[in-house]
>>> print(open('model.txt').read())   # compact mmCIF, C-alpha atoms and all ligand atoms
# COMPACT_ATOMS: atom_id res chain seq x y z
CA MET H 26 12.41 -31.38 12.59
CA LYS H 27 12.56 -27.85 14.05
CA GLN H 28 9.80 -26.90 16.51
CA LEU H 29 8.49 -23.72 18.09
CA CYS H 30 7.81 -23.61 21.81
CA LEU H 31 4.62 -22.01 23.12
CA LYS H 32 4.59 -20.23 26.47
CA ASN H 33 3.10 -23.34 28.15
CA ASP H 34 6.16 -25.37 27.03
CA ILE H 35 4.22 -27.20 24.32
CA HIS H 36 6.25 -27.71 21.15
CA VAL H 37 4.52 -27.07 17.80
CA SER H 38 5.47 -27.28 14.14
CA PRO H 39 6.70 -23.94 12.72
CA ILE H 40 4.07 -24.24 9.98
CA ALA H 41 0.41 -24.81 10.76
CA LEU H 42 -2.19 -25.88 8.24
CA GLY H 43 -5.20 -23.57 8.20
CA CYS H 44 -8.43 -25.42 7.43
CA MET H 45 -10.55 -22.45 6.35
CA ARG H 46 -10.75 -23.81 2.80
CA MET H 47 -11.28 -27.48 3.77
CA ALA H 48 -15.08 -27.20 3.51
CA ALA H 49 -14.71 -27.31 -0.29
CA LEU H 50 -13.04 -30.76 -0.21
CA THR H 51 -14.43 -34.28 -0.15
CA VAL H 52 -13.44 -36.41 2.84
CA PRO H 53 -10.90 -38.44 0.79
CA GLU H 54 -9.36 -35.18 -0.50
CA ALA H 55 -9.16 -33.78 3.01
CA GLU H 56 -7.62 -37.05 4.21
CA LYS H 57 -4.82 -36.69 1.64
CA VAL H 58 -4.23 -33.08 2.67
CA ILE H 59 -4.08 -33.89 6.40
CA LEU H 60 -1.90 -37.00 6.04
CA THR H 61 0.49 -35.22 3.65
CA ALA H 62 0.84 -32.34 6.10
CA CYS H 63 1.61 -34.78 8.95
CA GLU H 64 4.16 -36.71 6.86
CA GLN H 65 5.93 -33.41 6.18
CA GLY H 66 6.06 -32.41 9.85
CA ILE H 67 3.12 -29.99 9.73
CA THR H 68 1.23 -31.32 12.73
CA PHE H 69 -0.65 -28.21 13.89
CA PHE H 70 -4.13 -27.59 12.41
CA ASP H 71 -6.05 -24.33 12.68
CA HIS H 72 -9.85 -24.24 12.50
CA ALA H 73 -12.65 -21.80 13.30
CA ASP H 74 -16.27 -22.60 13.98
CA ILE H 75 -17.29 -20.38 11.05
CA TYR H 76 -15.13 -22.05 8.37
CA GLY H 77 -17.63 -23.38 5.85
CA GLY H 78 -20.31 -22.80 8.51
CA GLY H 79 -18.79 -25.68 10.54
CA LYS H 80 -18.23 -27.96 7.56
CA SER H 81 -14.42 -27.71 7.67
CA GLU H 82 -14.45 -29.09 11.23
CA GLU H 83 -16.94 -31.81 10.30
CA ILE H 84 -14.83 -33.03 7.38
CA PHE H 85 -11.70 -32.98 9.56
CA GLY H 86 -13.64 -34.96 12.17
CA GLU H 87 -14.50 -37.62 9.56
CA VAL H 88 -10.81 -38.03 8.76
CA LEU H 89 -9.95 -38.33 12.47
CA ARG H 90 -12.60 -41.02 12.89
CA ALA H 91 -11.08 -43.01 10.02
CA HIS H 92 -7.62 -42.81 11.62
CA PRO H 93 -7.72 -43.85 15.29
CA GLY H 94 -4.62 -42.59 17.03
CA LEU H 95 -4.16 -39.59 14.74
CA ARG H 96 -5.72 -37.15 17.22
CA GLU H 97 -2.94 -37.75 19.74
CA LYS H 98 -0.24 -37.09 17.15
CA ILE H 99 -1.46 -33.62 16.16
CA MET H 100 -2.29 -30.26 17.71
CA LEU H 101 -5.84 -29.04 17.15
CA GLN H 102 -6.81 -25.39 17.41
CA SER H 103 -10.09 -23.67 16.71
CA LYS H 104 -11.48 -20.18 17.06
CA CYS H 105 -14.83 -18.71 18.09
CA GLY H 106 -16.52 -15.36 18.61
CA ILE H 107 -17.50 -14.32 15.07
CA CYS H 108 -21.27 -14.54 14.67
CA ASN H 109 -23.62 -13.50 11.91
CA GLY H 110 -23.33 -9.69 11.92
CA TYR H 111 -21.71 -9.30 15.36
CA TYR H 112 -18.87 -10.49 17.56
CA ASP H 113 -19.49 -12.32 20.84
CA ALA H 114 -16.88 -12.83 23.55
CA SER H 115 -19.41 -13.55 26.30
CA ALA H 116 -18.79 -16.53 28.56
CA GLU H 117 -22.04 -18.09 27.45
CA HIS H 118 -21.10 -17.90 23.78
CA ILE H 119 -17.53 -19.14 24.25
CA LEU H 120 -18.71 -22.18 26.25
CA GLN H 121 -21.43 -22.99 23.73
CA ALA H 122 -19.10 -22.53 20.75
CA ALA H 123 -16.46 -24.79 22.31
CA GLU H 124 -19.03 -27.59 22.71
CA GLY H 125 -20.01 -27.24 19.04
CA ILE H 126 -16.37 -27.36 17.91
CA LEU H 127 -15.61 -30.48 19.98
CA SER H 128 -18.70 -32.20 18.66
CA ARG H 129 -18.03 -31.38 14.98
CA LEU H 130 -14.40 -32.50 15.28
CA GLY H 131 -15.46 -35.52 17.33
CA VAL H 132 -12.68 -34.98 19.87
CA GLU H 133 -12.56 -34.69 23.65
CA TYR H 134 -10.25 -31.70 23.85
CA LEU H 135 -8.69 -28.88 21.87
CA ASP H 136 -5.03 -28.01 22.29
CA THR H 137 -5.83 -24.32 21.88
CA LEU H 138 -8.95 -22.18 21.52
CA LEU H 139 -8.72 -18.60 20.27
CA LEU H 140 -11.11 -15.67 20.31
CA HIS H 141 -11.35 -14.96 16.59
CA ARG H 142 -11.72 -11.15 16.65
CA PRO H 143 -11.93 -8.48 19.35
CA ASP H 144 -15.52 -7.91 20.48
CA ALA H 145 -16.08 -4.20 21.29
CA LEU H 146 -18.38 -5.34 24.12
CA MET H 147 -15.86 -7.83 25.53
CA GLU H 148 -15.71 -8.13 29.30
CA PRO H 149 -12.35 -9.70 30.14
CA GLU H 150 -13.72 -11.23 33.36
CA GLU H 151 -16.19 -13.25 31.27
CA VAL H 152 -13.53 -14.45 28.86
CA ALA H 153 -11.37 -15.50 31.82
CA GLU H 154 -14.34 -17.30 33.42
CA ALA H 155 -15.13 -19.25 30.24
CA PHE H 156 -11.49 -20.11 29.58
CA GLU H 157 -11.04 -21.28 33.18
CA LYS H 158 -14.13 -23.53 33.00
CA LEU H 159 -12.96 -25.06 29.73
CA HIS H 160 -9.50 -25.62 31.12
CA ARG H 161 -10.71 -27.16 34.38
CA SER H 162 -13.01 -29.54 32.53
CA GLY H 163 -10.09 -30.69 30.36
CA LYS H 164 -11.85 -29.54 27.18
CA VAL H 165 -9.24 -26.95 26.18
CA ARG H 166 -5.55 -27.02 27.09
CA GLY H 167 -4.48 -23.50 26.14
CA PHE H 168 -5.91 -20.17 24.99
CA GLY H 169 -5.24 -17.35 22.63
CA VAL H 170 -6.71 -14.54 20.62
CA SER H 171 -6.66 -13.27 17.06
CA ASN H 172 -6.40 -9.79 15.55
CA VAL H 173 -5.94 -8.29 19.00
CA ASN H 174 -3.80 -5.25 19.97
CA PRO H 175 -1.46 -4.86 22.98
CA ALA H 176 -3.93 -2.94 25.15
CA GLN H 177 -6.59 -5.60 24.58
CA LEU H 178 -4.02 -8.28 25.43
CA ALA H 179 -3.10 -6.41 28.63
CA LEU H 180 -6.77 -6.14 29.58
CA LEU H 181 -7.22 -9.90 29.23
CA ASP H 182 -3.94 -10.55 31.03
CA ARG H 183 -5.24 -8.62 34.05
CA GLU H 184 -7.97 -11.26 34.48
CA MET H 185 -5.99 -14.33 33.45
CA PRO H 186 -2.30 -13.56 34.03
CA GLY H 187 0.07 -15.28 31.61
CA ARG H 188 -2.65 -17.46 30.10
CA ILE H 189 -2.77 -16.02 26.55
CA LEU H 190 -0.38 -18.14 24.49
CA ILE H 191 -1.16 -17.03 20.94
CA ASN H 192 -2.20 -13.99 18.90
CA GLN H 193 -3.12 -14.80 15.29
CA LEU H 194 -2.62 -11.85 12.92
CA GLN H 195 -2.24 -11.34 9.17
CA PHE H 196 1.43 -11.25 8.20
CA GLY H 197 3.39 -12.07 5.09
CA LEU H 198 5.59 -10.45 2.44
CA ALA H 199 2.63 -8.47 1.07
CA HIS H 200 1.33 -7.54 4.52
CA THR H 201 4.30 -6.32 6.54
CA GLY H 202 2.67 -3.72 8.81
CA MET H 203 3.84 -5.53 11.95
CA VAL H 204 7.50 -4.87 11.10
CA ASP H 205 7.19 -1.64 9.07
CA ALA H 206 6.51 0.70 11.99
CA GLY H 207 9.42 -0.74 13.97
CA ILE H 208 11.81 -0.14 11.07
CA ASN H 209 10.55 3.42 10.43
CA VAL H 210 10.48 4.86 13.94
CA ASN H 211 9.85 8.63 14.08
CA ILE H 212 9.69 9.04 10.31
CA HIS H 213 7.04 10.87 8.29
CA SER H 214 5.91 8.10 5.97
CA ASP H 215 3.10 5.63 5.54
CA HIS H 216 5.43 2.85 6.66
CA ALA H 217 5.92 4.56 10.03
CA GLU H 218 2.18 4.39 10.70
CA ASN H 219 1.50 2.37 13.86
CA ARG H 220 -1.69 0.45 13.03
CA ASP H 221 -1.48 -2.34 15.57
CA GLY H 222 -0.10 -0.74 18.75
CA LEU H 223 3.30 -2.39 18.10
CA VAL H 224 1.78 -5.79 18.70
CA LEU H 225 4.83 -7.70 17.47
CA ASP H 226 7.09 -6.18 20.12
CA TYR H 227 4.43 -6.60 22.81
CA CYS H 228 3.99 -10.28 21.99
CA ARG H 229 7.75 -10.84 22.06
CA LEU H 230 8.03 -9.11 25.42
CA HIS H 231 5.28 -11.30 26.87
CA GLY H 232 6.21 -14.62 25.23
CA ILE H 233 3.01 -14.70 23.16
CA THR H 234 3.42 -16.62 19.90
CA ILE H 235 2.23 -14.82 16.79
CA GLN H 236 0.54 -16.97 14.16
CA ALA H 237 0.71 -15.42 10.67
CA TRP H 238 -2.57 -15.94 8.83
CA SER H 239 -2.99 -15.75 5.03
CA PRO H 240 0.78 -15.52 4.46
CA PHE H 241 0.48 -15.44 0.65
CA GLN H 242 -2.40 -12.99 0.30
CA TYR H 243 -2.20 -9.29 -0.44
CA GLY H 244 -4.92 -6.88 0.71
CA MET H 245 -7.92 -8.46 2.38
CA PHE H 246 -8.11 -11.67 0.28
CA GLU H 247 -7.44 -9.82 -3.01
CA GLY H 248 -5.29 -12.68 -4.23
CA VAL H 249 -1.91 -14.36 -3.75
CA PHE H 250 1.21 -12.35 -4.59
CA LEU H 251 2.93 -15.45 -5.96
CA LYS H 252 3.11 -15.18 -9.78
CA SER H 253 1.19 -11.87 -9.60
CA GLU H 254 2.44 -9.16 -11.98
CA LYS H 255 1.79 -6.61 -9.24
CA TYR H 256 4.67 -8.22 -7.34
CA ALA H 257 7.12 -8.91 -10.18
CA ALA H 258 10.23 -7.81 -8.27
CA LEU H 259 9.24 -9.87 -5.24
CA ASN H 260 8.58 -12.95 -7.34
CA ALA H 261 11.98 -12.61 -9.03
CA GLU H 262 13.69 -12.38 -5.64
CA LEU H 263 11.71 -15.33 -4.28
CA ALA H 264 12.70 -17.39 -7.32
CA ASP H 265 16.40 -16.56 -6.72
CA THR H 266 16.16 -17.37 -3.02
CA GLY H 267 14.24 -20.58 -3.74
CA LYS H 268 16.85 -21.67 -6.28
CA LYS H 269 19.67 -21.15 -3.79
CA TYR H 270 18.02 -23.46 -1.22
CA GLY H 271 16.33 -25.86 -3.67
CA ILE H 272 12.83 -24.85 -2.57
CA THR H 273 9.81 -23.29 -4.30
CA ASP H 274 8.95 -19.59 -4.27
CA SER H 275 6.08 -20.35 -1.84
CA ALA H 276 8.49 -22.08 0.55
CA ALA H 277 10.91 -19.13 0.31
CA ALA H 278 8.05 -16.76 1.26
CA ILE H 279 7.32 -18.88 4.34
CA ALA H 280 11.04 -19.12 5.22
CA TRP H 281 10.94 -15.28 5.31
CA ILE H 282 8.27 -15.40 8.03
CA LEU H 283 10.01 -18.16 9.99
CA ARG H 284 13.32 -16.21 9.97
CA HIS H 285 11.88 -13.53 12.24
CA PRO H 286 13.33 -14.02 15.74
CA ALA H 287 9.88 -13.63 17.34
CA GLY H 288 9.30 -17.30 16.47
CA ILE H 289 6.24 -16.69 14.30
CA GLN H 290 4.17 -19.73 13.28
CA ALA H 291 3.00 -19.51 9.65
CA VAL H 292 -0.60 -20.63 9.03
CA ILE H 293 -0.76 -21.70 5.39
CA GLY H 294 -4.09 -22.36 3.69
CA SER H 295 -3.25 -24.45 0.63
CA MET H 296 -5.43 -27.52 0.13
CA ASN H 297 -3.04 -28.88 -2.51
CA PRO H 298 -0.98 -31.80 -1.11
CA GLY H 299 1.91 -31.19 -3.54
CA ARG H 300 2.15 -27.54 -2.55
CA ILE H 301 1.90 -28.35 1.15
CA ALA H 302 4.81 -30.80 0.85
CA GLU H 303 6.93 -28.20 -0.98
CA ILE H 304 6.12 -25.42 1.48
CA ALA H 305 6.97 -27.69 4.44
CA LYS H 306 10.63 -27.56 3.37
CA ALA H 307 10.73 -23.96 4.63
CA GLN H 308 10.85 -25.40 8.15
CA GLU H 309 14.45 -26.49 7.57
CA ILE H 310 15.71 -23.24 6.00
CA ARG H 311 17.21 -20.25 7.79
CA LEU H 312 17.54 -17.21 5.53
CA THR H 313 20.48 -14.87 6.01
CA ARG H 314 19.83 -11.37 7.28
CA GLN H 315 20.64 -9.97 3.80
CA GLU H 316 18.19 -12.38 2.11
CA TRP H 317 15.46 -11.38 4.55
CA TYR H 318 15.98 -7.67 3.81
CA ARG H 319 16.26 -8.23 0.05
CA LEU H 320 12.81 -9.88 0.06
CA TYR H 321 11.39 -7.11 2.26
CA LEU H 322 12.66 -4.46 -0.18
CA ALA H 323 11.52 -6.43 -3.25
CA ALA H 324 8.00 -6.45 -1.80
CA GLY H 325 8.03 -2.66 -2.27
CA ASN H 326 9.06 -1.57 1.21
CA PRO H 327 11.63 1.20 1.75
CA LEU H 328 14.38 1.32 4.36
CA PRO H 329 14.91 4.75 5.91
N1 LIG A 401 -7.57 -15.25 12.30
C1 LIG A 401 -8.11 -14.77 11.21
O1 LIG A 401 -8.78 -13.74 11.21
C2 LIG A 401 -7.87 -15.50 9.92
C3 LIG A 401 -8.30 -14.93 8.69
C4 LIG A 401 -8.04 -15.65 7.52
C5 LIG A 401 -7.38 -16.87 7.56
N2 LIG A 401 -7.02 -17.40 8.76
C6 LIG A 401 -6.30 -18.70 8.85
O2 LIG A 401 -5.21 -18.65 7.95
C7 LIG A 401 -5.26 -19.79 7.10
C8 LIG A 401 -4.62 -19.51 5.80
O3 LIG A 401 -5.38 -18.53 5.09
P1 LIG A 401 -5.36 -18.49 3.50
O4 LIG A 401 -5.88 -19.77 2.97
O5 LIG A 401 -5.97 -17.21 3.08
O6 LIG A 401 -3.77 -18.45 3.31
P2 LIG A 401 -2.74 -18.52 2.14
O7 LIG A 401 -1.85 -19.68 2.43
O8 LIG A 401 -2.12 -17.16 2.06
O9 LIG A 401 -3.55 -18.78 0.80
C9 LIG A 401 -3.89 -20.06 0.39
C10 LIG A 401 -4.65 -19.93 -0.90
O10 LIG A 401 -3.75 -19.48 -1.92
C11 LIG A 401 -3.79 -20.38 -3.00
N3 LIG A 401 -2.51 -20.43 -3.71
C12 LIG A 401 -2.36 -20.12 -5.04
N4 LIG A 401 -1.08 -20.27 -5.39
C13 LIG A 401 -0.41 -20.71 -4.31
C14 LIG A 401 0.94 -21.07 -4.08
N5 LIG A 401 1.87 -21.03 -5.05
N6 LIG A 401 1.31 -21.49 -2.86
C15 LIG A 401 0.39 -21.56 -1.87
N7 LIG A 401 -0.93 -21.23 -2.02
C16 LIG A 401 -1.32 -20.81 -3.23
C17 LIG A 401 -4.16 -21.72 -2.39
O11 LIG A 401 -4.70 -22.56 -3.39
P3 LIG A 401 -4.48 -24.17 -3.32
O12 LIG A 401 -5.35 -24.66 -2.23
O13 LIG A 401 -4.93 -24.60 -4.67
O14 LIG A 401 -3.03 -24.42 -3.09
C18 LIG A 401 -5.19 -21.27 -1.36
O15 LIG A 401 -6.45 -21.05 -1.98
C19 LIG A 401 -6.74 -20.16 7.03
O16 LIG A 401 -6.95 -21.50 6.64
C20 LIG A 401 -7.16 -19.90 8.44
O17 LIG A 401 -6.81 -21.02 9.24
C21 LIG A 401 -7.24 -16.73 9.93
>>> encode(input="model.txt", output="structure tokens", more="lines below")
Ligand SMILES: NC(=O)c1ccc[n+]([C@@H]2O[C@H](COP(=O)([O-])OP(=O)(O)OC[C@H]3O[C@@H](n4cnc5c(N)ncnc54)[C@H](OP(=O)(O)O)[C@@H]3O)[C@@H](O)[C@H]2O)c1
Amino acid sequence: MKQLCLKNDIHVSPIALGCMRMAALTVPEAEKVILTACEQGITFFDHADIYGGGKSEEIFGEVLRAHPGLREKIMLQSKCGICNGYYDASAEHILQAAEGILSRLGVEYLDTLLLHRPDALMEPEEVAEAFEKLHRSGKVRGFGVSNVNPAQLALLDREMPGRILINQLQFGLAHTGMVDAGINVNIHSDHAENRDGLVLDYCRLHGITIQAWSPFQYGMFEGVFLKSEKYAALNAELADTGKKYGITDSAAAIAWILRHPAGIQAVIGSMNPGRIAEIAKAQEIRLTRQEWYRLYLAAGNPLP
């Protein structure tokens, strides 16, 4: 099974299972989802303290308790910093949130902890202090951020050089901003708009792994583009690509993300075991350059 390598030399599955929607499941349903993912080589699980108000982590914790030994076979990540009506990247909040996450999951350590969103009042020294304490106590092995731009990454790097392993950002065939600006350099068009400070190139330069969240959604949770009439041309192209490799349209859409040489990890959110097993096949597919561009164009993007 192919693996991605994080900056700290830890190998992870190219697809991660996001547990944002797990709060809606019963424990036996969640157990099936988690065990199916593991059987299919998806061994990295993404949480956040706010998913289901903590319920997603609690349910996951129940499954871990029922399967001694499972914890050591998987990678567990969670995120903190989004509060009710504000963001909080203070050392006090990060340390408190980490304790809550560990207790809900019922584990002794997290493989990675991310700051969920940039806090306008963030003081990088405090983030570094909290991360260092968590690392020294053995409670968190590695750190990252989410929805963060290059200047914010550089600011954090000044206080904790080389320690940010991951930046989780929305990316998928219906949300291609991270590659659009790089394709349309110096052109007067919407696609040339630099909305993220060229974060993809920055992360590649600094060995920071990008995790692509909500890879099937368009807009801000407006819906999935799969089977959507708004994306008819894309769905036709995905069906053709899927047929060629004997995979589903969803798997072809994930293979498109995994083909990018930045080594992007796709964070899928399906809670349907059958779909998860089908999508996992994307981990073994490498699209050709022409297939990658055909899908990019079919999603409605121009090439200059
Ligand atoms: N860092 C951040 O700010 C941030 C923000 C949002 C999400 N995330 C992370 O990203 C993860 C994924 O987010 P997401 O759930 O929005 O991602 P997604 O994988 O794009 O969407 C999954 C949703 O689409 C549905 N779906 C319908 N048809 C589908 C198909 N053919 N194939 C696959 N899914 C289909 C799934 O339903 P079924 O369950 O019925 O398959 C599920 O409700 C989250 O769990 C979370 O870990 C991070």
>>> residues_near_ligand(input="model.txt", ligand="ligand LIG 401 (chain A)", cutoff="6 Å", atoms="all atoms listed in the file", output="list in words")
Gly43, Cys44, Met45, Arg46, Asp71, His72, His141, Ser171, Gln193, Trp238, Ser239, Pro240, Phe241, Gln242, Val249, Leu251, Ser275, Val292, Ile293, Gly294, Ser295, Met296 and Asn297 of chain H
>>> closest_residue(input="model.txt", among="H:Ile304, H:Leu322, H:Leu146, H:Val132", to="Gly94 (chain H)", atoms="only C-alpha atoms")
H:Val132
>>> residues_near_point(input="model.txt", point="(3.2, -12.8, 20.8)", cutoff="9 Å", atoms="only C-alpha atoms", output="list in words")
Ile189, Leu190, Ile191, Asn192, Gln193, Val224, Leu225, Asp226, Tyr227, Cys228, Arg229, Leu230, His231, Gly232, Ile233, Thr234, Ile235, Gln236, Ala287, Gly288 and Ile289 of chain H
>>> atom_distance(input="model.txt", atom1="CA of Tyr321 (chain H)", atom2="CA of Asn172 (chain H)")
22.4 Å
>>> closest_residue(input="model.txt", among="H:Lys306, H:Met185, H:Glu87, H:Asn326", to="Ala217 (chain H)", atoms="all atoms listed in the file")
H:Asn326
>>> closest_residue(input="model.txt", among="H:Lys80, H:His216, H:Lys27, H:Arg142", to="Gln290 (chain H)", atoms="all atoms listed in the file")
H:Lys27
>>> atom_distance(input="model.txt", atom1="CA of Ile282 (chain H)", atom2="CA of Gln195 (chain H)")
11.3 Å
>>> closest_residue(input="model.txt", among="H:Gly167, H:Pro53, H:Pro298, H:Pro329", to="Ala91 (chain H)", atoms="only C-alpha atoms")
H:Pro53
>>> closest_residue(input="model.txt", among="H:Asp182, H:Arg90, H:Ile279, H:Tyr318", to="Ala305 (chain H)", atoms="all atoms listed in the file")
H:Ile279
>>> residues_around(input="model.txt", residues="region 158-166 of chain H", least_positions_apart="6", cutoff="6 Å", atoms="all atoms listed in the file", output="ChimeraX atom specification")
/H:134-137
>>> write_last_selection(input="model.txt", atoms="C-alpha atoms", output="mmCIF file, keeping the file's coordinate frame")
data_model
loop_
_atom_site.group_PDB
_atom_site.id
_atom_site.type_symbol
_atom_site.label_atom_id
_atom_site.label_comp_id
_atom_site.auth_asym_id
_atom_site.auth_seq_id
_atom_site.Cartn_x
_atom_site.Cartn_y
_atom_site.Cartn_z
ATOM 1 C CA TYR H 134 -10.250 -31.700 23.850
ATOM 2 C CA LEU H 135 -8.690 -28.880 21.870
ATOM 3 C CA ASP H 136 -5.030 -28.010 22.290
ATOM 4 C CA THR H 137 -5.830 -24.320 21.880
#
>>> atom_distance(input="model.txt", atom1="CA of Phe69 (chain H)", atom2="CA of Pro39 (chain H)")
8.6 Å
>>> residues_around(input="model.txt", residues="Trp281 (chain H)", least_positions_apart="3", cutoff="12 Å", atoms="all atoms listed in the file", output="MDAnalysis selection string")
chainID H and resid 196:199 201 237 240:241 259 262:263 266:267 274:278 284:286 288:291 304 307:321 324
>>> write_last_selection(input="model.txt", atoms="C-alpha atoms", output="PDB file, in the frame of the given file")
ATOM      1  CA  PHE H 196       1.430 -11.250   8.200  1.00  0.00           C
ATOM      2  CA  GLY H 197       3.390 -12.070   5.090  1.00  0.00           C
ATOM      3  CA  LEU H 198       5.590 -10.450   2.440  1.00  0.00           C
ATOM      4  CA  ALA H 199       2.630  -8.470   1.070  1.00  0.00           C
ATOM      5  CA  THR H 201       4.300  -6.320   6.540  1.00  0.00           C
ATOM      6  CA  ALA H 237       0.710 -15.420  10.670  1.00  0.00           C
ATOM      7  CA  PRO H 240       0.780 -15.520   4.460  1.00  0.00           C
ATOM      8  CA  PHE H 241       0.480 -15.440   0.650  1.00  0.00           C
ATOM      9  CA  LEU H 259       9.240  -9.870  -5.240  1.00  0.00           C
ATOM     10  CA  GLU H 262      13.690 -12.380  -5.640  1.00  0.00           C
ATOM     11  CA  LEU H 263      11.710 -15.330  -4.280  1.00  0.00           C
ATOM     12  CA  THR H 266      16.160 -17.370  -3.020  1.00  0.00           C
ATOM     13  CA  GLY H 267      14.240 -20.580  -3.740  1.00  0.00           C
ATOM     14  CA  ASP H 274       8.950 -19.590  -4.270  1.00  0.00           C
ATOM     15  CA  SER H 275       6.080 -20.350  -1.840  1.00  0.00           C
ATOM     16  CA  ALA H 276       8.490 -22.080   0.550  1.00  0.00           C
ATOM     17  CA  ALA H 277      10.910 -19.130   0.310  1.00  0.00           C
ATOM     18  CA  ALA H 278       8.050 -16.760   1.260  1.00  0.00           C
ATOM     19  CA  ARG H 284      13.320 -16.210   9.970  1.00  0.00           C
ATOM     20  CA  HIS H 285      11.880 -13.530  12.240  1.00  0.00           C
ATOM     21  CA  PRO H 286      13.330 -14.020  15.740  1.00  0.00           C
ATOM     22  CA  GLY H 288       9.300 -17.300  16.470  1.00  0.00           C
ATOM     23  CA  ILE H 289       6.240 -16.690  14.300  1.00  0.00           C
ATOM     24  CA  GLN H 290       4.170 -19.730  13.280  1.00  0.00           C
ATOM     25  CA  ALA H 291       3.000 -19.510   9.650  1.00  0.00           C
ATOM     26  CA  ILE H 304       6.120 -25.420   1.480  1.00  0.00           C
ATOM     27  CA  ALA H 307      10.730 -23.960   4.630  1.00  0.00           C
ATOM     28  CA  GLN H 308      10.850 -25.400   8.150  1.00  0.00           C
ATOM     29  CA  GLU H 309      14.450 -26.490   7.570  1.00  0.00           C
ATOM     30  CA  ILE H 310      15.710 -23.240   6.000  1.00  0.00           C
ATOM     31  CA  ARG H 311      17.210 -20.250   7.790  1.00  0.00           C
ATOM     32  CA  LEU H 312      17.540 -17.210   5.530  1.00  0.00           C
ATOM     33  CA  THR H 313      20.480 -14.870   6.010  1.00  0.00           C
ATOM     34  CA  ARG H 314      19.830 -11.370   7.280  1.00  0.00           C
ATOM     35  CA  GLN H 315      20.640  -9.970   3.800  1.00  0.00           C
ATOM     36  CA  GLU H 316      18.190 -12.380   2.110  1.00  0.00           C
ATOM     37  CA  TRP H 317      15.460 -11.380   4.550  1.00  0.00           C
ATOM     38  CA  TYR H 318      15.980  -7.670   3.810  1.00  0.00           C
ATOM     39  CA  ARG H 319      16.260  -8.230   0.050  1.00  0.00           C
ATOM     40  CA  LEU H 320      12.810  -9.880   0.060  1.00  0.00           C
ATOM     41  CA  TYR H 321      11.390  -7.110   2.260  1.00  0.00           C
ATOM     42  CA  ALA H 324       8.000  -6.450  -1.800  1.00  0.00           C
TER      43      ALA H 324
END
>>> residues_around(input="model.txt", residues="Gln28 (chain H)", least_positions_apart="2", cutoff="6 Å", atoms="only C-alpha atoms", output="MDAnalysis selection string")
chainID H and resid 36:39
>>> residues_around(input="model.txt", residues="region 123-130 of chain H", least_positions_apart="5", cutoff="9 Å", atoms="only C-alpha atoms", output="ChimeraX atom specification")
/H:73-74,79-87,89,103-105,118,135,138,159,164-165
>>> closest_residue(input="model.txt", among="H:Arg96, H:Ala55, H:Ala62, H:Gly169", to="Leu31 (chain H)", atoms="all atoms listed in the file")
H:Gly169
>>> axis_aligned_box(input="model.txt", around="region 95-99 of chain H", padding_each_side="8 Å", output="AutoDock Vina command-line options")
--center_x -3.0 --center_y -36.6 --center_z 17.2 --size_x 21.5 --size_y 22.0 --size_z 21.0
